[in-house]
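Contents: one structure, followed by commentary.
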There are 2 protein chains.
Amino acid sequence: MNATRERILAATAHILSRRGVAGTRLADIAAHADLRTPAVYYYFTSRNDLVAEVMRDGQRRVREHVHNAITSAPPESPVIELIEAAVEAHLRIELELSDFASAVTRNAGQLPPGIAESLHLESAAYHAIWRNLLEALAESGQLRTGLDIGIARMLIIGALNWTAEWWNPEHDSLDTLIATAQSIVRSSLTSS
Amino acid sequence: MNATRERILAATAHILSRRGVAGTRLADIAAHADLRTPAVYYYFTSRNDLVAEVMRDGQRRVREHVHNAITSAPPESPVIELIEAAVEAHLRIELELSDFASAVTRNAGQLPPGIAESLHLESAAYHAIWRNLLEALAESGQLRTGLDIGIARMLIIGALNWTAEWWNPEHDSLDTLIATAQSIVRSSLTSS
DNA sequence: GTCTATAAGTAGATAGAC
DNA sequence: GTCTATCTACTTATAGAC
C-alpha cells in the first residue's frame, strides 16, 4: 500500500499503546513518523478516524493471529490444546509482535463514543473464537462442571489482556509467562 | 473532614473511573460536585494533585477491604478459603462499592509520571497481601506444583481487574461472577 | 505530498470581587 | 469559600505556498 500512510498508522499504534487514547497527540504521531502534523490530514480525515483505523486493525490482527494458531494446530488435537495454542498466540501478538494489538487492549475500555462502535464487529468476531473453543471443550465433556462459560471466557481473556499492564521482559521471559498462563487456563477449565 | 473536599474527591473518582485520566476535565469534576472550576483550587493545588490523591485513596480502600476480608475470616480457615475471600472482596470493592477502587484499576497503567510514583507504595502494599496468601498456600503444600507464584499472582489480579472493563450487572449477577472467579482461582492454584 | 502559518476551540490555572 | 473574568498554553484542524 502507501508507505507513508502505513508509517503514520504504525506511529499511532506505538503511541496509543503507551500513552492511551486521550494522551495521544497528533504532533507526537507525526514526529514519530518523521512528518509535520498537517501531513497526517492528507491520509486521514481526522484524529478520530486515524485512531479508529488503528484500533480496528489491531483487533483484526489479534483475531487473525489467534485464528491461525488454532487452525494450524496438528489435526485431531484435543480441544484443550487448541485453547493453549490460543493463549500463546494472544500473548505473543499482544506482548511481542504488535503495537496495534496492545493499543487495542489498553484502550478498548475508554474510547470516545464514535470509535467504540466502529470496533464492535471486530471485537465480537474475536470473542466468538473463544466462545467456540469453550463450547467445544464443554461438548467434549472435559469442561469442569458448574462453570459459567461466558464469565470464564471473560476472566481468561482479562488475565491475558492485563499482562500488557505489568509484564516486563527483563523480569520474566515471555516463554515462562506463556507456560504459566497455559497451565492456569488448563487447570481452571478442566477437571483432571 | 471537610464535606466539600470529600465531594470533589468523590466526583473525581466517579469521572476518573468512567472516562480515564486524560479524559477527566476539571470542569466536569466541578459540575459533578456542584461547583465552578476555580473552587477546586481552594482544596487542591493542581489537577495532578487531585487525581493522585484519588488514586492513592482508591488503592488504600482496595487494600483495606481485602485485608479486612482476610482477617475477619473464621480462625483456622484453610488458606484457599482466605484466597477465595480475597477474590470476593476485590470484586465487591471494585464493582459494587467504590468508584475510587475502579478509578485505580482502570487508570493505573496510563498515569502521568508524577502520579505513578505517588501510587507506588500503596500498590506494593496491596500486592504484598496477595504474595503472602500465595506463599502461605505453597507452604501448606496445596499449591499446584510447577507454578510460578509471581506470574500466577499477576494473572489472577489481572483477571479480577479486567472485570471493570466488561462486567454488566444487567447481564450477570455479581454473586455469579464472584462464584465463578473463586472457582477458577481455586482450581488454577490447587491440585485437588 | 509535505510544508509554514494560522485559525478556532478547549483546558488548566490565576486574579480579584464578594 | 466560591464566584466571574481572564490569561496562557496547547491541540485539532484548515489555508495556501511550494
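In the C-alpha cells, chains take the letters A, B, ... in the order shown, each chain's residues start at 1, and ligands count up from 1 in the order shown.
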
Margin query: Residues of region 74-132 of chain B classed as alpha helix (DSSP H) by DSSP on the backbone are to be reported as number ranges by chain.
Written below: B: 79-92, 99-107, 113-132

Next item on the list: Please identify all polymer residues within 12 Å of Glu6 (chain A), counting only C-alpha atoms (C1' of nucleotides), omitting same-chain residues fewer than 3 positions from it, and present them as a PyMOL selection string.
Entry: chain A and resi 1-3+9-13+33+40+43-44+50+53-54+57+100

Saved selection, atoms kept: N, CA and C atoms, as a PDB file, in the first residue's frame:
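Listed below is the output, part-v2.pdb:
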ATOM      1  N   MET A   1       0.844  -1.197   0.000  1.00  0.00           N
ATOM      2  CA  MET A   1       0.000   0.000   0.000  1.00  0.00           C
ATOM      3  C   MET A   1       0.877   1.245   0.000  1.00  0.00           C
ATOM      4  N   ASN A   2       0.410   2.306   0.660  1.00  0.00           N
ATOM      5  CA  ASN A   2       1.181   3.538   0.744  1.00  0.00           C
ATOM      6  C   ASN A   2       2.093   3.529   1.961  1.00  0.00           C
ATOM      7  N   ALA A   3       3.379   3.728   1.697  1.00  0.00           N
ATOM      8  CA  ALA A   3       4.368   3.602   2.771  1.00  0.00           C
ATOM      9  C   ALA A   3       4.181   4.660   3.863  1.00  0.00           C
ATOM     10  N   LEU A   9       0.187   5.009  10.594  1.00  0.00           N
ATOM     11  CA  LEU A   9      -0.584   4.038  11.366  1.00  0.00           C
ATOM     12  C   LEU A   9       0.297   3.378  12.428  1.00  0.00           C
ATOM     13  N   ALA A  10       1.497   2.985  12.028  1.00  0.00           N
ATOM     14  CA  ALA A  10       2.404   2.330  12.981  1.00  0.00           C
ATOM     15  C   ALA A  10       2.791   3.271  14.110  1.00  0.00           C
ATOM     16  N   ALA A  11       3.040   4.527  13.765  1.00  0.00           N
ATOM     17  CA  ALA A  11       3.398   5.506  14.796  1.00  0.00           C
ATOM     18  C   ALA A  11       2.237   5.703  15.765  1.00  0.00           C
ATOM     19  N   THR A  12       1.034   5.729  15.232  1.00  0.00           N
ATOM     20  CA  THR A  12      -0.151   5.892  16.088  1.00  0.00           C
ATOM     21  C   THR A  12      -0.308   4.707  17.029  1.00  0.00           C
ATOM     22  N   ALA A  13      -0.139   3.503  16.505  1.00  0.00           N
ATOM     23  CA  ALA A  13      -0.229   2.309  17.338  1.00  0.00           C
ATOM     24  C   ALA A  13       0.815   2.360  18.451  1.00  0.00           C
ATOM     25  N   ALA A  33       6.559   9.585  12.989  1.00  0.00           N
ATOM     26  CA  ALA A  33       6.525   9.136  11.592  1.00  0.00           C
ATOM     27  C   ALA A  33       7.401  10.040  10.719  1.00  0.00           C
ATOM     28  N   VAL A  40      -0.572  14.481   8.206  1.00  0.00           N
ATOM     29  CA  VAL A  40      -1.482  13.402   8.615  1.00  0.00           C
ATOM     30  C   VAL A  40      -2.832  13.549   7.914  1.00  0.00           C
ATOM     31  N   TYR A  43      -3.789  11.867   4.630  1.00  0.00           N
ATOM     32  CA  TYR A  43      -4.138  10.441   4.606  1.00  0.00           C
ATOM     33  C   TYR A  43      -5.371  10.107   5.444  1.00  0.00           C
ATOM     34  N   PHE A  44      -5.666  10.953   6.434  1.00  0.00           N
ATOM     35  CA  PHE A  44      -6.806  10.668   7.315  1.00  0.00           C
ATOM     36  C   PHE A  44      -7.627  11.938   7.507  1.00  0.00           C
ATOM     37  N   LEU A  50      -8.195   8.222  12.329  1.00  0.00           N
ATOM     38  CA  LEU A  50      -6.903   7.555  12.425  1.00  0.00           C
ATOM     39  C   LEU A  50      -6.878   6.567  13.585  1.00  0.00           C
ATOM     40  N   GLU A  53      -9.054   3.523  12.923  1.00  0.00           N
ATOM     41  CA  GLU A  53      -8.472   2.547  11.991  1.00  0.00           C
ATOM     42  C   GLU A  53      -7.400   1.705  12.681  1.00  0.00           C
ATOM     43  N   VAL A  54      -6.596   2.337  13.521  1.00  0.00           N
ATOM     44  CA  VAL A  54      -5.575   1.585  14.260  1.00  0.00           C
ATOM     45  C   VAL A  54      -6.223   0.553  15.178  1.00  0.00           C
ATOM     46  N   ASP A  57      -7.706  -2.292  13.105  1.00  0.00           N
ATOM     47  CA  ASP A  57      -6.597  -3.072  12.566  1.00  0.00           C
ATOM     48  C   ASP A  57      -5.982  -3.942  13.660  1.00  0.00           C
ATOM     49  N   PHE A 100      -0.119  -2.587  17.513  1.00  0.00           N
ATOM     50  CA  PHE A 100      -1.539  -2.467  17.177  1.00  0.00           C
ATOM     51  C   PHE A 100      -2.381  -3.281  18.164  1.00  0.00           C
TER      52      PHE A 100
END

Within 9 Å of chain A, which residues of chain C come that close, and what is the closest atom pair and distance in Å for each? Count only C-alpha atoms (C1' of nucleotides) and give it as CSV.
residue,atom,partner,partner_atom,distance
C:DG1,C1',A:Tyr42,CA,7.8
C:DT2,C1',A:Ala39,CA,6.0
C:DC3,C1',A:Arg36,CA,7.8

Keeping only all heavy atoms, write the selected residues as a compact mmCIF listing (two decimals), in the first residue's frame.
# COMPACT_ATOMS: atom_id res chain seq x y z
P DG C 1 1.36 10.65 -4.14
OP1 DG C 1 0.58 9.74 -3.36
OP2 DG C 1 0.80 11.64 -5.12
O5' DG C 1 2.19 11.64 -3.22
C5' DG C 1 1.63 12.29 -2.08
C4' DG C 1 2.83 12.94 -1.47
O4' DG C 1 2.94 14.31 -1.94
C3' DG C 1 2.75 13.02 0.04
O3' DG C 1 4.08 12.96 0.52
C2' DG C 1 2.13 14.39 0.28
C1' DG C 1 2.71 15.20 -0.85
N9 DG C 1 1.84 16.28 -1.36
C8 DG C 1 0.51 16.24 -1.65
N7 DG C 1 0.04 17.38 -2.10
C5 DG C 1 1.14 18.23 -2.07
C6 DG C 1 1.26 19.60 -2.45
O6 DG C 1 0.39 20.36 -2.88
N1 DG C 1 2.58 20.06 -2.28
C2 DG C 1 3.63 19.30 -1.83
N2 DG C 1 4.82 19.90 -1.73
N3 DG C 1 3.53 18.01 -1.49
C4 DG C 1 2.26 17.55 -1.63
P DT C 2 4.35 12.65 2.08
OP1 DT C 2 5.56 11.79 2.14
OP2 DT C 2 3.08 12.20 2.68
O5' DT C 2 4.73 14.06 2.71
C5' DT C 2 5.93 14.68 2.32
C4' DT C 2 5.89 16.14 2.68
O4' DT C 2 4.88 16.82 1.90
C3' DT C 2 5.51 16.44 4.14
O3' DT C 2 6.67 16.88 4.83
C2' DT C 2 4.44 17.53 4.04
C1' DT C 2 4.53 17.97 2.60
N1 DT C 2 3.25 18.51 2.06
C2 DT C 2 3.22 19.79 1.60
O2 DT C 2 4.20 20.52 1.60
N3 DT C 2 2.00 20.22 1.14
C4 DT C 2 0.82 19.49 1.11
O4 DT C 2 -0.21 20.00 0.67
C5 DT C 2 0.92 18.15 1.61
C7 DT C 2 -0.29 17.27 1.61
C6 DT C 2 2.12 17.72 2.05
P DC C 3 6.55 17.49 6.33
OP1 DC C 3 7.81 17.14 7.01
OP2 DC C 3 5.26 17.11 6.93
O5' DC C 3 6.53 19.07 6.07
C5' DC C 3 7.64 19.67 5.42
C4' DC C 3 7.30 21.10 5.01
O4' DC C 3 6.14 21.07 4.15
C3' DC C 3 6.90 22.01 6.17
O3' DC C 3 8.05 22.68 6.67
C2' DC C 3 5.93 22.98 5.52
C1' DC C 3 5.39 22.25 4.31
N1 DC C 3 3.94 21.87 4.41
C2 DC C 3 2.97 22.77 3.95
O2 DC C 3 3.34 23.87 3.49
N3 DC C 3 1.66 22.43 4.02
C4 DC C 3 1.32 21.23 4.52
N4 DC C 3 0.00 20.93 4.56
C5 DC C 3 2.28 20.31 5.00
C6 DC C 3 3.57 20.66 4.94

Notebook entry, point to check: chain D residues within 12 Å of chain B, counting only C-alpha atoms (C1' of nucleotides): which ones, as a list of chain:residue names?
Noted result: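 Close to chain B, chain D has D:DG1, D:DT2, D:DC3, D:DT4, D:DA5.
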
Margin query: So that I can see what lies close to Arg63 (chain B), please list as a list of chain:residue names the residues with an atom at most 9 Å from it, counting only C-alpha atoms (C1' of nucleotides) and leaving out residues fewer than 5 positions away in the same chain.
Written below: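 Using only C-alpha atoms (C1' of nucleotides), the neighbours found are B:Gly58, B:Asn68, B:His90, B:Glu122, B:Ser123, B:Ala125, B:Tyr126, B:His127, B:Ile129.
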
Output N, CA, C and O atoms for every residue in that selection, as a PDB file, in the first residue's frame.
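And here's out-v4.pdb as it stands now:
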ATOM      1  N   GLY B  58      -8.009   5.315  46.472  1.00  0.00           N
ATOM      2  CA  GLY B  58      -8.647   4.129  45.893  1.00  0.00           C
ATOM      3  C   GLY B  58      -7.844   2.871  46.160  1.00  0.00           C
ATOM      4  O   GLY B  58      -8.392   1.835  46.554  1.00  0.00           O
ATOM      5  N   ASN B  68      -9.372  -6.654  55.426  1.00  0.00           N
ATOM      6  CA  ASN B  68     -10.428  -6.936  56.395  1.00  0.00           C
ATOM      7  C   ASN B  68     -11.109  -8.268  56.123  1.00  0.00           C
ATOM      8  O   ASN B  68     -11.441  -9.008  57.053  1.00  0.00           O
ATOM      9  N   HIS B  90     -12.085  -8.227  46.586  1.00  0.00           N
ATOM     10  CA  HIS B  90     -11.544  -7.428  45.480  1.00  0.00           C
ATOM     11  C   HIS B  90     -12.648  -7.086  44.483  1.00  0.00           C
ATOM     12  O   HIS B  90     -12.785  -5.938  44.051  1.00  0.00           O
ATOM     13  N   GLU B 122       1.450   2.369  47.975  1.00  0.00           N
ATOM     14  CA  GLU B 122       0.147   1.762  48.218  1.00  0.00           C
ATOM     15  C   GLU B 122      -0.016   0.495  47.384  1.00  0.00           C
ATOM     16  O   GLU B 122      -0.514  -0.526  47.846  1.00  0.00           O
ATOM     17  N   SER B 123       0.376   0.599  46.139  1.00  0.00           N
ATOM     18  CA  SER B 123       0.231  -0.517  45.217  1.00  0.00           C
ATOM     19  C   SER B 123       1.073  -1.714  45.668  1.00  0.00           C
ATOM     20  O   SER B 123       0.609  -2.862  45.663  1.00  0.00           O
ATOM     21  N   ALA B 125       1.986  -2.376  48.691  1.00  0.00           N
ATOM     22  CA  ALA B 125       1.385  -2.935  49.910  1.00  0.00           C
ATOM     23  C   ALA B 125       0.242  -3.877  49.555  1.00  0.00           C
ATOM     24  O   ALA B 125       0.042  -4.917  50.201  1.00  0.00           O
ATOM     25  N   TYR B 126      -0.520  -3.515  48.526  1.00  0.00           N
ATOM     26  CA  TYR B 126      -1.622  -4.395  48.134  1.00  0.00           C
ATOM     27  C   TYR B 126      -1.108  -5.713  47.564  1.00  0.00           C
ATOM     28  O   TYR B 126      -1.586  -6.791  47.921  1.00  0.00           O
ATOM     29  N   HIS B 127      -0.128  -5.625  46.711  1.00  0.00           N
ATOM     30  CA  HIS B 127       0.412  -6.852  46.116  1.00  0.00           C
ATOM     31  C   HIS B 127       1.050  -7.751  47.172  1.00  0.00           C
ATOM     32  O   HIS B 127       1.049  -8.976  47.043  1.00  0.00           O
ATOM     33  N   ILE B 129      -0.094  -8.353  50.074  1.00  0.00           N
ATOM     34  CA  ILE B 129      -1.157  -9.180  50.657  1.00  0.00           C
ATOM     35  C   ILE B 129      -1.330 -10.464  49.849  1.00  0.00           C
ATOM     36  O   ILE B 129      -1.370 -11.564  50.407  1.00  0.00           O
TER      37      ILE B 129
END

Margin query: I'd like the contact shell of region 6-9 of chain D - 10 Å cut-off, only C-alpha atoms (C1' of nucleotides), skipping same-chain residues fewer than 2 positions apart - returned as a VMD selection string.
Written below: (chain C and resid 11 to 15) or (chain D and resid 4 11)

Next item on the list: Do me a favour and pick out the residues of chain B within 10 Å of chain A, using only C-alpha atoms, as a VMD selection string.
Entry: chain B and resid 17 to 24 106 to 112 144 146 to 152 154 to 167 172 176 to 181 183 to 192

Shell around DT12 (chain D) at 9 Å using only C-alpha atoms (C1' of nucleotides), local window under 6 positions removed, as a PDB file with C-alpha atoms (C1' of nucleotides), in the first residue's frame:
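The resulting file, around-v5.pdb, is shown below:
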ATOM      1  CA  LEU A  26      -1.165  14.221  16.508  1.00  0.00           C
ATOM      2  CA  SER A  46      -9.458  13.367  11.413  1.00  0.00           C
ATOM      3  CA  ARG A  47      -7.646  12.205  14.523  1.00  0.00           C
TER       4      ARG A  47
ATOM      5  C1'  DG C   9     -11.531  25.807  20.290  1.00  0.00           C
TER       6       DG C   9
END

Checklist line | Selection near Arg56 (chain A), 10 Å with only C-alpha atoms (C1' of nucleotides), sequence-local residues under 3 positions removed, as JSON, numbers by chain | finding: {"A": [51, 52, 53, 59, 60, 61, 100, 101, 104, 115, 116, 118, 119, 120, 121, 122, 123]}

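Taking CA of His65 (chain A) as the reference point, CA of Leu97 (chain A) is found at 10.0 Å.
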
Could you name the residues that touch Val66 (chain A) at 8 Å or less, counting only C-alpha atoms (C1' of nucleotides), but leaving out those on the same chain fewer than 2 positions away, as a PDB file with all heavy atoms, in the first residue's frame?
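The resulting file, around_14.pdb, is reproduced below:
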ATOM      1  N   VAL A  62      -5.090  -9.377  16.112  1.00  0.00           N
ATOM      2  CA  VAL A  62      -5.205 -10.338  17.215  1.00  0.00           C
ATOM      3  C   VAL A  62      -6.048 -11.527  16.774  1.00  0.00           C
ATOM      4  O   VAL A  62      -5.653 -12.688  16.936  1.00  0.00           O
ATOM      5  CB  VAL A  62      -5.848  -9.676  18.466  1.00  0.00           C
ATOM      6  CG1 VAL A  62      -6.120 -10.723  19.540  1.00  0.00           C
ATOM      7  CG2 VAL A  62      -4.949  -8.582  19.019  1.00  0.00           C
ATOM      8  N   ARG A  63      -7.210 -11.216  16.200  1.00  0.00           N
ATOM      9  CA  ARG A  63      -8.110 -12.295  15.781  1.00  0.00           C
ATOM     10  C   ARG A  63      -7.437 -13.213  14.769  1.00  0.00           C
ATOM     11  O   ARG A  63      -7.480 -14.441  14.909  1.00  0.00           O
ATOM     12  CB  ARG A  63      -9.385 -11.687  15.179  1.00  0.00           C
ATOM     13  CG  ARG A  63     -10.348 -12.738  14.626  1.00  0.00           C
ATOM     14  CD  ARG A  63     -11.669 -12.124  14.182  1.00  0.00           C
ATOM     15  NE  ARG A  63     -11.537 -11.038  13.226  1.00  0.00           N
ATOM     16  CZ  ARG A  63     -11.258 -11.190  11.930  1.00  0.00           C
ATOM     17  NH1 ARG A  63     -11.063 -12.401  11.422  1.00  0.00           N
ATOM     18  NH2 ARG A  63     -11.148 -10.129  11.138  1.00  0.00           N
ATOM     19  N   GLU A  64      -6.784 -12.640  13.747  1.00  0.00           N
ATOM     20  CA  GLU A  64      -6.159 -13.461  12.716  1.00  0.00           C
ATOM     21  C   GLU A  64      -5.024 -14.305  13.283  1.00  0.00           C
ATOM     22  O   GLU A  64      -4.863 -15.469  12.928  1.00  0.00           O
ATOM     23  CB  GLU A  64      -5.642 -12.574  11.575  1.00  0.00           C
ATOM     24  CG  GLU A  64      -6.768 -12.034  10.707  1.00  0.00           C
ATOM     25  CD  GLU A  64      -6.276 -11.126   9.585  1.00  0.00           C
ATOM     26  OE1 GLU A  64      -5.038 -10.894   9.486  1.00  0.00           O
ATOM     27  OE2 GLU A  64      -7.119 -10.628   8.822  1.00  0.00           O
ATOM     28  N   ASN A  68      -5.144 -18.269  13.238  1.00  0.00           N
ATOM     29  CA  ASN A  68      -4.114 -19.065  12.552  1.00  0.00           C
ATOM     30  C   ASN A  68      -3.498 -20.101  13.481  1.00  0.00           C
ATOM     31  O   ASN A  68      -3.223 -21.232  13.061  1.00  0.00           O
ATOM     32  CB  ASN A  68      -3.003 -18.149  12.020  1.00  0.00           C
ATOM     33  CG  ASN A  68      -3.469 -17.339  10.823  1.00  0.00           C
ATOM     34  OD1 ASN A  68      -4.481 -17.663  10.214  1.00  0.00           O
ATOM     35  ND2 ASN A  68      -2.736 -16.279  10.503  1.00  0.00           N
ATOM     36  N   ALA A  69      -3.266 -19.701  14.728  1.00  0.00           N
ATOM     37  CA  ALA A  69      -2.669 -20.650  15.675  1.00  0.00           C
ATOM     38  C   ALA A  69      -3.571 -21.855  15.874  1.00  0.00           C
ATOM     39  O   ALA A  69      -3.095 -22.994  15.969  1.00  0.00           O
ATOM     40  CB  ALA A  69      -2.415 -19.955  17.021  1.00  0.00           C
ATOM     41  N   ILE A  70      -4.871 -21.613  15.909  1.00  0.00           N
ATOM     42  CA  ILE A  70      -5.809 -22.713  16.128  1.00  0.00           C
ATOM     43  C   ILE A  70      -5.892 -23.620  14.913  1.00  0.00           C
ATOM     44  O   ILE A  70      -5.821 -24.845  15.015  1.00  0.00           O
ATOM     45  CB  ILE A  70      -7.220 -22.153  16.459  1.00  0.00           C
ATOM     46  CG1 ILE A  70      -7.186 -21.423  17.805  1.00  0.00           C
ATOM     47  CG2 ILE A  70      -8.253 -23.266  16.480  1.00  0.00           C
ATOM     48  CD1 ILE A  70      -8.444 -20.637  18.093  1.00  0.00           C
ATOM     49  N   ALA A  85      -3.000 -23.189  22.600  1.00  0.00           N
ATOM     50  CA  ALA A  85      -2.418 -22.503  21.440  1.00  0.00           C
ATOM     51  C   ALA A  85      -2.973 -21.081  21.336  1.00  0.00           C
ATOM     52  O   ALA A  85      -2.250 -20.134  20.991  1.00  0.00           O
ATOM     53  CB  ALA A  85      -2.706 -23.290  20.167  1.00  0.00           C
ATOM     54  N   ALA A  86      -4.246 -20.936  21.646  1.00  0.00           N
ATOM     55  CA  ALA A  86      -4.863 -19.601  21.608  1.00  0.00           C
ATOM     56  C   ALA A  86      -4.266 -18.694  22.676  1.00  0.00           C
ATOM     57  O   ALA A  86      -4.031 -17.502  22.437  1.00  0.00           O
ATOM     58  CB  ALA A  86      -6.372 -19.719  21.785  1.00  0.00           C
ATOM     59  N   ALA A  89      -0.866 -17.600  21.407  1.00  0.00           N
ATOM     60  CA  ALA A  89      -0.984 -16.650  20.289  1.00  0.00           C
ATOM     61  C   ALA A  89      -1.429 -15.278  20.789  1.00  0.00           C
ATOM     62  O   ALA A  89      -0.892 -14.246  20.370  1.00  0.00           O
ATOM     63  CB  ALA A  89      -1.967 -17.193  19.250  1.00  0.00           C
ATOM     64  N   HIS A  90      -2.395 -15.257  21.691  1.00  0.00           N
ATOM     65  CA  HIS A  90      -2.884 -13.981  22.226  1.00  0.00           C
ATOM     66  C   HIS A  90      -1.749 -13.228  22.928  1.00  0.00           C
ATOM     67  O   HIS A  90      -1.561 -12.024  22.727  1.00  0.00           O
ATOM     68  CB  HIS A  90      -4.043 -14.241  23.195  1.00  0.00           C
ATOM     69  CG  HIS A  90      -4.694 -12.996  23.725  1.00  0.00           C
ATOM     70  ND1 HIS A  90      -5.955 -12.606  23.374  1.00  0.00           N
ATOM     71  CD2 HIS A  90      -4.248 -12.040  24.590  1.00  0.00           C
ATOM     72  CE1 HIS A  90      -6.259 -11.465  23.987  1.00  0.00           C
ATOM     73  NE2 HIS A  90      -5.247 -11.108  24.745  1.00  0.00           N
TER      74      HIS A  90
END

Item checked: Pairwise distance for CA of Ala136 (chain B) and CA of Val79 (chain B), rounded to one decimal in Å ->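 Between CA of Ala136 (chain B) and CA of Val79 (chain B) the gap is 6.7 Å.
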
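In this model, the gap between C1' of DA7 (chain C) and CA of Ala31 (chain A) comes to 22.2 Å.
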